[in-house]
>>> print(open('structure19.cif').read())   # mmCIF, N, CA and C atoms
data_final
#
loop_
_atom_site.label_atom_id
_atom_site.label_comp_id
_atom_site.auth_asym_id
_atom_site.auth_seq_id
_atom_site.Cartn_x
_atom_site.Cartn_y
_atom_site.Cartn_z
N MET J 66 -36.55 18.24 -80.76
CA MET J 66 -36.09 17.33 -79.78
C MET J 66 -37.13 17.25 -78.66
N SER J 67 -37.32 16.08 -78.28
CA SER J 67 -38.33 15.87 -77.26
C SER J 67 -37.66 15.87 -75.88
N GLY J 68 -38.47 15.88 -74.87
CA GLY J 68 -37.97 15.90 -73.50
C GLY J 68 -37.20 14.63 -73.16
N GLY J 69 -37.57 13.50 -73.71
CA GLY J 69 -36.89 12.24 -73.44
C GLY J 69 -35.50 12.24 -74.04
N GLU J 70 -35.41 12.83 -75.25
CA GLU J 70 -34.10 12.87 -75.90
C GLU J 70 -33.16 13.79 -75.12
N VAL J 71 -33.68 14.93 -74.65
CA VAL J 71 -32.85 15.86 -73.87
C VAL J 71 -32.41 15.17 -72.58
N ALA J 72 -33.33 14.46 -71.95
CA ALA J 72 -32.99 13.75 -70.72
C ALA J 72 -31.94 12.68 -70.99
N GLY J 73 -32.07 11.99 -72.15
CA GLY J 73 -31.09 10.97 -72.49
C GLY J 73 -29.72 11.57 -72.73
N ILE J 74 -29.69 12.74 -73.43
CA ILE J 74 -28.42 13.41 -73.68
C ILE J 74 -27.81 13.89 -72.36
N LEU J 75 -28.62 14.44 -71.47
CA LEU J 75 -28.12 14.87 -70.15
C LEU J 75 -27.56 13.70 -69.36
N VAL J 76 -28.26 12.59 -69.39
CA VAL J 76 -27.78 11.41 -68.66
C VAL J 76 -26.48 10.91 -69.28
N ALA J 77 -26.40 10.93 -70.63
CA ALA J 77 -25.18 10.46 -71.29
C ALA J 77 -24.01 11.38 -70.95
N VAL J 78 -24.25 12.71 -70.97
CA VAL J 78 -23.19 13.66 -70.62
C VAL J 78 -22.78 13.46 -69.15
N PHE J 79 -23.79 13.30 -68.28
CA PHE J 79 -23.50 13.07 -66.87
C PHE J 79 -22.64 11.81 -66.69
N TRP J 80 -23.04 10.71 -67.38
CA TRP J 80 -22.27 9.47 -67.28
C TRP J 80 -20.87 9.65 -67.86
N ALA J 81 -20.70 10.41 -68.91
CA ALA J 81 -19.38 10.65 -69.50
C ALA J 81 -18.51 11.41 -68.50
N ILE J 82 -19.09 12.43 -67.86
CA ILE J 82 -18.33 13.20 -66.86
C ILE J 82 -17.99 12.30 -65.67
N LEU J 83 -18.94 11.50 -65.24
CA LEU J 83 -18.72 10.61 -64.11
C LEU J 83 -17.64 9.58 -64.43
N VAL J 84 -17.69 9.00 -65.60
CA VAL J 84 -16.68 8.01 -66.00
C VAL J 84 -15.31 8.67 -66.11
N SER J 85 -15.25 9.89 -66.66
CA SER J 85 -13.97 10.62 -66.75
C SER J 85 -13.41 10.89 -65.34
N PHE J 86 -14.29 11.34 -64.45
CA PHE J 86 -13.86 11.60 -63.08
C PHE J 86 -13.36 10.33 -62.40
N VAL J 87 -14.09 9.22 -62.54
CA VAL J 87 -13.69 7.94 -61.96
C VAL J 87 -12.37 7.47 -62.57
N ALA J 88 -12.18 7.66 -63.89
CA ALA J 88 -10.94 7.26 -64.55
C ALA J 88 -9.77 8.08 -64.00
N LEU J 89 -10.01 9.39 -63.83
CA LEU J 89 -8.97 10.25 -63.28
C LEU J 89 -8.60 9.82 -61.87
N VAL J 90 -9.60 9.49 -61.07
CA VAL J 90 -9.35 9.03 -59.70
C VAL J 90 -8.57 7.71 -59.72
N LEU J 91 -8.95 6.81 -60.62
CA LEU J 91 -8.24 5.53 -60.70
C LEU J 91 -6.78 5.72 -61.16
N VAL J 92 -6.55 6.65 -62.09
CA VAL J 92 -5.18 6.92 -62.53
C VAL J 92 -4.35 7.46 -61.37
N ARG J 93 -4.93 8.42 -60.62
CA ARG J 93 -4.22 8.97 -59.46
C ARG J 93 -3.97 7.89 -58.40
N LEU J 94 -4.95 7.04 -58.18
CA LEU J 94 -4.80 5.95 -57.22
C LEU J 94 -3.70 4.99 -57.66
N ALA J 95 -3.63 4.71 -58.95
CA ALA J 95 -2.58 3.83 -59.47
C ALA J 95 -1.22 4.46 -59.25
N GLN J 96 -1.09 5.78 -59.51
CA GLN J 96 0.19 6.46 -59.28
C GLN J 96 0.57 6.42 -57.81
N THR J 97 -0.40 6.64 -56.93
CA THR J 97 -0.14 6.60 -55.49
C THR J 97 0.30 5.21 -55.06
N LEU J 98 -0.36 4.18 -55.58
CA LEU J 98 0.03 2.81 -55.24
C LEU J 98 1.43 2.49 -55.74
N LYS J 99 1.80 2.99 -56.95
CA LYS J 99 3.15 2.76 -57.46
C LYS J 99 4.19 3.45 -56.56
N ALA J 100 3.90 4.68 -56.14
CA ALA J 100 4.82 5.40 -55.27
C ALA J 100 4.94 4.70 -53.92
N ALA J 101 3.81 4.22 -53.39
CA ALA J 101 3.84 3.50 -52.12
C ALA J 101 4.63 2.21 -52.26
N THR J 102 4.49 1.52 -53.37
CA THR J 102 5.23 0.28 -53.60
C THR J 102 6.73 0.57 -53.66
N ARG J 103 7.12 1.64 -54.36
CA ARG J 103 8.53 2.02 -54.42
C ARG J 103 9.06 2.37 -53.02
N LEU J 104 8.27 3.13 -52.27
CA LEU J 104 8.68 3.53 -50.91
C LEU J 104 8.86 2.31 -50.02
N VAL J 105 7.93 1.37 -50.09
CA VAL J 105 8.04 0.15 -49.28
C VAL J 105 9.27 -0.65 -49.69
N ALA J 106 9.55 -0.71 -50.99
CA ALA J 106 10.73 -1.44 -51.46
C ALA J 106 12.01 -0.79 -50.94
N GLU J 107 12.07 0.55 -50.99
CA GLU J 107 13.26 1.25 -50.50
C GLU J 107 13.43 1.08 -48.99
N VAL J 108 12.33 1.17 -48.28
CA VAL J 108 12.40 0.98 -46.82
C VAL J 108 12.85 -0.44 -46.51
N THR J 109 12.36 -1.40 -47.23
CA THR J 109 12.75 -2.79 -47.01
C THR J 109 14.24 -2.96 -47.28
N GLU J 110 14.73 -2.34 -48.37
CA GLU J 110 16.16 -2.45 -48.69
C GLU J 110 17.03 -1.85 -47.59
N GLN J 111 16.57 -0.78 -46.97
CA GLN J 111 17.35 -0.15 -45.92
C GLN J 111 17.11 -0.79 -44.55
N ALA J 112 15.92 -1.31 -44.33
CA ALA J 112 15.58 -1.86 -43.02
C ALA J 112 16.24 -3.21 -42.77
N VAL J 113 16.38 -4.02 -43.78
CA VAL J 113 16.96 -5.36 -43.59
C VAL J 113 18.40 -5.27 -43.08
N PRO J 114 19.27 -4.45 -43.67
CA PRO J 114 20.61 -4.34 -43.09
C PRO J 114 20.61 -3.72 -41.70
N LEU J 115 19.71 -2.75 -41.47
CA LEU J 115 19.64 -2.17 -40.13
C LEU J 115 19.21 -3.20 -39.09
N LEU J 116 18.26 -4.03 -39.45
CA LEU J 116 17.83 -5.08 -38.53
C LEU J 116 18.95 -6.09 -38.29
N ALA J 117 19.71 -6.39 -39.32
CA ALA J 117 20.85 -7.31 -39.15
C ALA J 117 21.89 -6.69 -38.23
N ASP J 118 22.18 -5.39 -38.42
CA ASP J 118 23.12 -4.70 -37.53
C ASP J 118 22.60 -4.65 -36.10
N ALA J 119 21.32 -4.38 -35.94
CA ALA J 119 20.74 -4.34 -34.60
C ALA J 119 20.81 -5.70 -33.93
N SER J 120 20.57 -6.73 -34.70
CA SER J 120 20.66 -8.09 -34.15
C SER J 120 22.08 -8.40 -33.72
N ALA J 121 23.06 -8.01 -34.54
CA ALA J 121 24.47 -8.22 -34.18
C ALA J 121 24.85 -7.42 -32.93
N THR J 122 24.33 -6.20 -32.84
CA THR J 122 24.61 -5.38 -31.67
C THR J 122 24.02 -5.99 -30.41
N VAL J 123 22.82 -6.49 -30.51
CA VAL J 123 22.18 -7.13 -29.35
C VAL J 123 22.96 -8.37 -28.93
N ARG J 124 23.42 -9.15 -29.90
CA ARG J 124 24.22 -10.33 -29.57
C ARG J 124 25.53 -9.92 -28.88
N SER J 125 26.17 -8.88 -29.39
CA SER J 125 27.41 -8.40 -28.79
C SER J 125 27.17 -7.89 -27.37
N ALA J 126 26.08 -7.15 -27.18
CA ALA J 126 25.74 -6.65 -25.85
C ALA J 126 25.46 -7.80 -24.89
N ASN J 127 24.82 -8.84 -25.38
CA ASN J 127 24.55 -10.01 -24.55
C ASN J 127 25.85 -10.68 -24.14
N THR J 128 26.80 -10.78 -25.06
CA THR J 128 28.11 -11.36 -24.74
C THR J 128 28.83 -10.52 -23.69
N GLN J 129 28.79 -9.19 -23.87
CA GLN J 129 29.44 -8.31 -22.91
C GLN J 129 28.77 -8.40 -21.53
N LEU J 130 27.46 -8.52 -21.50
CA LEU J 130 26.77 -8.68 -20.22
C LEU J 130 27.16 -9.98 -19.53
N ALA J 131 27.35 -11.02 -20.30
CA ALA J 131 27.80 -12.29 -19.72
C ALA J 131 29.19 -12.11 -19.11
N ARG J 132 30.06 -11.38 -19.80
CA ARG J 132 31.40 -11.12 -19.26
C ARG J 132 31.32 -10.29 -17.99
N VAL J 133 30.46 -9.27 -18.00
CA VAL J 133 30.30 -8.43 -16.82
C VAL J 133 29.76 -9.25 -15.65
N ASP J 134 28.86 -10.17 -15.92
CA ASP J 134 28.34 -11.04 -14.85
C ASP J 134 29.47 -11.87 -14.25
N SER J 135 30.33 -12.42 -15.08
CA SER J 135 31.43 -13.23 -14.54
C SER J 135 32.41 -12.36 -13.77
N ILE J 136 32.67 -11.13 -14.27
CA ILE J 136 33.57 -10.22 -13.56
C ILE J 136 32.96 -9.83 -12.21
N THR J 137 31.67 -9.58 -12.20
CA THR J 137 30.99 -9.23 -10.95
C THR J 137 31.07 -10.37 -9.94
N ALA J 138 30.89 -11.58 -10.42
CA ALA J 138 31.01 -12.74 -9.52
C ALA J 138 32.42 -12.85 -8.97
N ASP J 139 33.44 -12.62 -9.82
CA ASP J 139 34.83 -12.67 -9.36
C ASP J 139 35.11 -11.57 -8.34
N VAL J 140 34.59 -10.36 -8.60
CA VAL J 140 34.82 -9.26 -7.66
C VAL J 140 34.14 -9.56 -6.33
N GLN J 141 32.97 -10.16 -6.40
CA GLN J 141 32.28 -10.51 -5.15
C GLN J 141 33.09 -11.54 -4.36
N GLU J 142 33.66 -12.50 -5.06
CA GLU J 142 34.49 -13.51 -4.39
C GLU J 142 35.74 -12.88 -3.80
N VAL J 143 36.38 -11.97 -4.54
CA VAL J 143 37.57 -11.29 -4.03
C VAL J 143 37.23 -10.44 -2.81
N THR J 144 36.07 -9.78 -2.85
CA THR J 144 35.65 -8.97 -1.72
C THR J 144 35.43 -9.83 -0.48
N ALA J 145 34.81 -10.97 -0.67
CA ALA J 145 34.59 -11.88 0.47
C ALA J 145 35.93 -12.38 1.02
N ASN J 146 36.85 -12.71 0.11
CA ASN J 146 38.17 -13.17 0.56
C ASN J 146 38.92 -12.07 1.29
N ALA J 147 38.85 -10.83 0.78
CA ALA J 147 39.53 -9.72 1.44
C ALA J 147 38.93 -9.45 2.81
N SER J 148 37.62 -9.57 2.93
CA SER J 148 36.97 -9.39 4.23
C SER J 148 37.42 -10.45 5.21
N ALA J 149 37.46 -11.70 4.75
CA ALA J 149 37.91 -12.79 5.62
C ALA J 149 39.37 -12.58 6.01
N LEU J 150 40.22 -12.18 5.06
CA LEU J 150 41.62 -11.94 5.37
C LEU J 150 41.79 -10.80 6.35
N SER J 151 41.00 -9.75 6.17
CA SER J 151 41.07 -8.60 7.07
C SER J 151 40.69 -9.01 8.50
N SER J 152 39.63 -9.77 8.64
CA SER J 152 39.24 -10.19 9.98
C SER J 152 40.26 -11.14 10.58
N THR J 153 40.86 -11.99 9.75
CA THR J 153 41.89 -12.90 10.25
C THR J 153 43.12 -12.13 10.71
N VAL J 154 43.58 -11.19 9.91
CA VAL J 154 44.76 -10.39 10.27
C VAL J 154 44.46 -9.57 11.51
N SER J 155 43.27 -9.01 11.57
CA SER J 155 42.89 -8.20 12.73
C SER J 155 42.89 -9.04 14.00
N SER J 156 42.35 -10.24 13.92
CA SER J 156 42.30 -11.07 15.13
C SER J 156 43.67 -11.66 15.47
N ALA J 157 44.48 -11.95 14.46
CA ALA J 157 45.77 -12.57 14.73
C ALA J 157 46.82 -11.56 15.17
N PHE J 158 46.87 -10.40 14.52
CA PHE J 158 47.94 -9.45 14.79
C PHE J 158 47.48 -8.21 15.53
N GLY J 159 46.19 -7.98 15.57
CA GLY J 159 45.68 -6.76 16.19
C GLY J 159 46.03 -6.64 17.65
N GLY J 160 45.73 -7.64 18.42
CA GLY J 160 46.01 -7.62 19.86
C GLY J 160 47.49 -7.49 20.16
N PRO J 161 48.33 -8.37 19.59
CA PRO J 161 49.77 -8.25 19.86
C PRO J 161 50.37 -6.93 19.38
N LEU J 162 49.93 -6.40 18.26
CA LEU J 162 50.46 -5.13 17.79
C LEU J 162 50.10 -3.99 18.73
N VAL J 163 48.88 -4.02 19.25
CA VAL J 163 48.48 -3.00 20.21
C VAL J 163 49.34 -3.11 21.46
N LYS J 164 49.61 -4.32 21.88
CA LYS J 164 50.44 -4.51 23.08
C LYS J 164 51.87 -4.03 22.84
N VAL J 165 52.43 -4.32 21.67
CA VAL J 165 53.79 -3.88 21.35
C VAL J 165 53.83 -2.36 21.27
N ALA J 166 52.82 -1.76 20.68
CA ALA J 166 52.77 -0.30 20.59
C ALA J 166 52.67 0.33 21.97
N ALA J 167 51.84 -0.25 22.81
CA ALA J 167 51.70 0.27 24.17
C ALA J 167 53.00 0.11 24.95
N PHE J 168 53.66 -1.01 24.77
CA PHE J 168 54.94 -1.24 25.44
C PHE J 168 55.98 -0.23 24.97
N GLY J 169 56.03 -0.02 23.66
CA GLY J 169 56.99 0.95 23.11
C GLY J 169 56.70 2.35 23.63
N TYR J 170 55.45 2.72 23.72
CA TYR J 170 55.08 4.02 24.25
C TYR J 170 55.50 4.15 25.71
N GLY J 171 55.26 3.10 26.46
CA GLY J 171 55.65 3.12 27.87
C GLY J 171 57.15 3.23 28.03
N VAL J 172 57.90 2.50 27.22
CA VAL J 172 59.36 2.56 27.31
C VAL J 172 59.84 3.95 26.94
N ARG J 173 59.28 4.53 25.87
CA ARG J 173 59.68 5.88 25.46
C ARG J 173 59.38 6.90 26.54
N ARG J 174 58.25 6.77 27.15
CA ARG J 174 57.86 7.71 28.19
C ARG J 174 58.75 7.55 29.43
N ALA J 175 59.05 6.30 29.77
CA ALA J 175 59.92 6.07 30.92
C ALA J 175 61.32 6.58 30.65
N MET J 176 61.82 6.38 29.45
CA MET J 176 63.16 6.86 29.10
C MET J 176 63.18 8.38 29.09
N GLY J 177 62.12 8.98 28.66
CA GLY J 177 62.02 10.44 28.64
C GLY J 177 62.01 11.01 30.04
N ARG J 178 61.40 10.36 30.96
CA ARG J 178 61.35 10.84 32.34
C ARG J 178 62.70 10.67 33.02
N LYS J 179 63.39 9.60 32.73
CA LYS J 179 64.70 9.39 33.36
C LYS J 179 65.70 10.41 32.85
N ALA J 180 65.54 10.84 31.62
CA ALA J 180 66.48 11.78 31.05
C ALA J 180 66.29 13.18 31.62
N GLU J 181 65.13 13.53 32.15
CA GLU J 181 64.89 14.86 32.70
C GLU J 181 65.58 15.00 34.05
N PRO J 182 66.30 16.10 34.25
CA PRO J 182 66.95 16.30 35.55
C PRO J 182 65.93 16.72 36.61
N VAL J 183 66.17 16.34 37.82
CA VAL J 183 65.30 16.72 38.93
C VAL J 183 65.74 18.10 39.38
N ARG J 184 64.85 19.09 39.27
CA ARG J 184 65.21 20.46 39.55
C ARG J 184 65.05 20.78 41.04
N GLU J 185 63.85 20.66 41.51
CA GLU J 185 63.58 20.99 42.90
C GLU J 185 62.80 19.86 43.52
N SER J 186 62.75 19.83 44.77
CA SER J 186 61.96 18.82 45.44
C SER J 186 61.21 19.45 46.60
N THR J 187 60.10 18.84 46.93
CA THR J 187 59.29 19.30 48.05
C THR J 187 59.30 18.21 49.09
N VAL J 188 59.39 18.58 50.33
CA VAL J 188 59.44 17.58 51.39
C VAL J 188 58.08 17.51 52.05
N PHE J 189 57.48 16.33 51.97
CA PHE J 189 56.27 16.06 52.73
C PHE J 189 56.70 15.31 53.97
N VAL J 190 55.80 14.99 54.80
CA VAL J 190 56.14 14.34 56.05
C VAL J 190 56.87 13.04 55.76
N GLY J 191 58.13 13.03 55.94
CA GLY J 191 58.94 11.85 55.78
C GLY J 191 59.28 11.52 54.34
N LYS J 192 58.82 12.31 53.33
CA LYS J 192 59.07 12.00 51.93
C LYS J 192 59.59 13.23 51.21
N THR J 193 60.46 12.99 50.25
CA THR J 193 60.90 14.07 49.38
C THR J 193 60.31 13.80 48.01
N VAL J 194 59.57 14.77 47.48
CA VAL J 194 58.89 14.59 46.19
C VAL J 194 59.40 15.64 45.23
N ALA J 195 59.76 15.24 44.01
CA ALA J 195 60.24 16.18 43.00
C ALA J 195 59.08 17.03 42.49
N LYS J 196 59.36 18.29 42.13
CA LYS J 196 58.31 19.18 41.65
C LYS J 196 57.93 18.92 40.21
N ASN J 197 58.70 18.12 39.52
CA ASN J 197 58.35 17.88 38.13
C ASN J 197 57.38 16.73 37.97
N LEU J 198 56.79 16.27 39.05
CA LEU J 198 55.74 15.26 38.95
C LEU J 198 54.49 15.93 38.39
N PRO J 199 53.58 15.14 37.87
CA PRO J 199 52.37 15.74 37.32
C PRO J 199 51.65 16.58 38.36
N SER J 200 51.07 17.67 37.91
CA SER J 200 50.45 18.63 38.81
C SER J 200 49.25 18.03 39.55
N ALA J 201 48.70 16.94 39.07
CA ALA J 201 47.57 16.32 39.76
C ALA J 201 48.00 15.80 41.12
N ARG J 202 49.28 15.46 41.26
CA ARG J 202 49.74 14.95 42.54
C ARG J 202 49.81 16.08 43.58
N PHE J 203 49.93 17.30 43.10
CA PHE J 203 49.98 18.45 43.99
C PHE J 203 48.61 19.06 44.24
N GLY J 204 47.57 18.45 43.63
CA GLY J 204 46.22 18.94 43.84
C GLY J 204 45.79 19.96 42.79
N GLY J 205 46.63 20.28 41.82
CA GLY J 205 46.26 21.22 40.76
C GLY J 205 45.63 20.51 39.59
N ARG J 206 45.34 21.29 38.55
CA ARG J 206 44.73 20.73 37.34
C ARG J 206 45.78 20.08 36.48
N ARG J 207 45.49 18.95 35.95
CA ARG J 207 46.45 18.25 35.11
C ARG J 207 46.17 18.59 33.65
N THR J 208 47.18 18.90 32.91
CA THR J 208 47.01 19.18 31.49
C THR J 208 47.54 18.00 30.70
N ARG J 209 46.94 17.77 29.57
CA ARG J 209 47.34 16.62 28.74
C ARG J 209 48.68 16.93 28.09
N GLY J 210 49.46 15.88 27.95
CA GLY J 210 50.72 15.98 27.23
C GLY J 210 51.87 16.41 28.10
N LYS J 211 51.61 16.91 29.28
CA LYS J 211 52.70 17.29 30.18
C LYS J 211 52.72 16.28 31.31
N GLY J 212 53.81 15.70 31.54
CA GLY J 212 53.90 14.84 32.71
C GLY J 212 54.12 13.48 32.31
#
>>> encode(input="structure19.cif", output="structure tokens")
Amino acid sequence: MSGGEVAGILVAVFWAILVSFVALVLVRLAQTLKAATRLVAEVTEQAVPLLADASATVRSANTQLARVDSITADVQEVTANASALSSTVSSAFGGPLVKVAAFGYGVRRAMGRKAEPVRESTVFVGKTVAKNLPSARFGGRRTRGKG
């Protein structure tokens, strides 16, 4: 065998190994592509219903937000009306009610004083003054609630 024949046999063996390796790689690549295709098909089968459900949920949420907007507008209107009513009632009845309450307090206090018996009296120059008058009239300290 000559050197050229040995070189030819080596090249042929090298090409056979290379072709076998490339064929093996192509077979593995084909299997990977088939698995990827199956995976994409399964994901598509599951994703389409999920997207439809998500779309329905978004539509429902949008409807609920529209309802909440209308409720918020109604509450704002009711709040404005209540504020206006409160100011109207306060201006219309506030003053007279305070006057009636003050009058009632004055009447109660006057009736309470008339019901108390006069115990002792002090005579000033030309005047007789009862001792149950508030202590401020006698020059002492006045306490709240008494008198």
>>> atom_distance(input="structure19.cif", atom1="atom C of Arg132 of chain J", atom2="atom N of Ser120 of chain J")
20.2 Å
>>> axis_aligned_box(input="structure19.cif", around="segment 125-129 of chain J", padding_each_side="6 Å", output="AutoDock Vina command-line options")
--center_x 27.0 --center_y -9.0 --center_z -25.5 --size_x 16.9 --size_y 16.7 --size_z 19.9
>>> atom_distance(input="structure19.cif", atom1="atom C of Ala121 of chain J", atom2="atom N of Gln141 of chain J")
27.9 Å
>>> atom_distance(input="structure19.cif", atom1="atom CA of Arg93 of chain J", atom2="atom CA of Ala112 of chain J")
27.9 Å
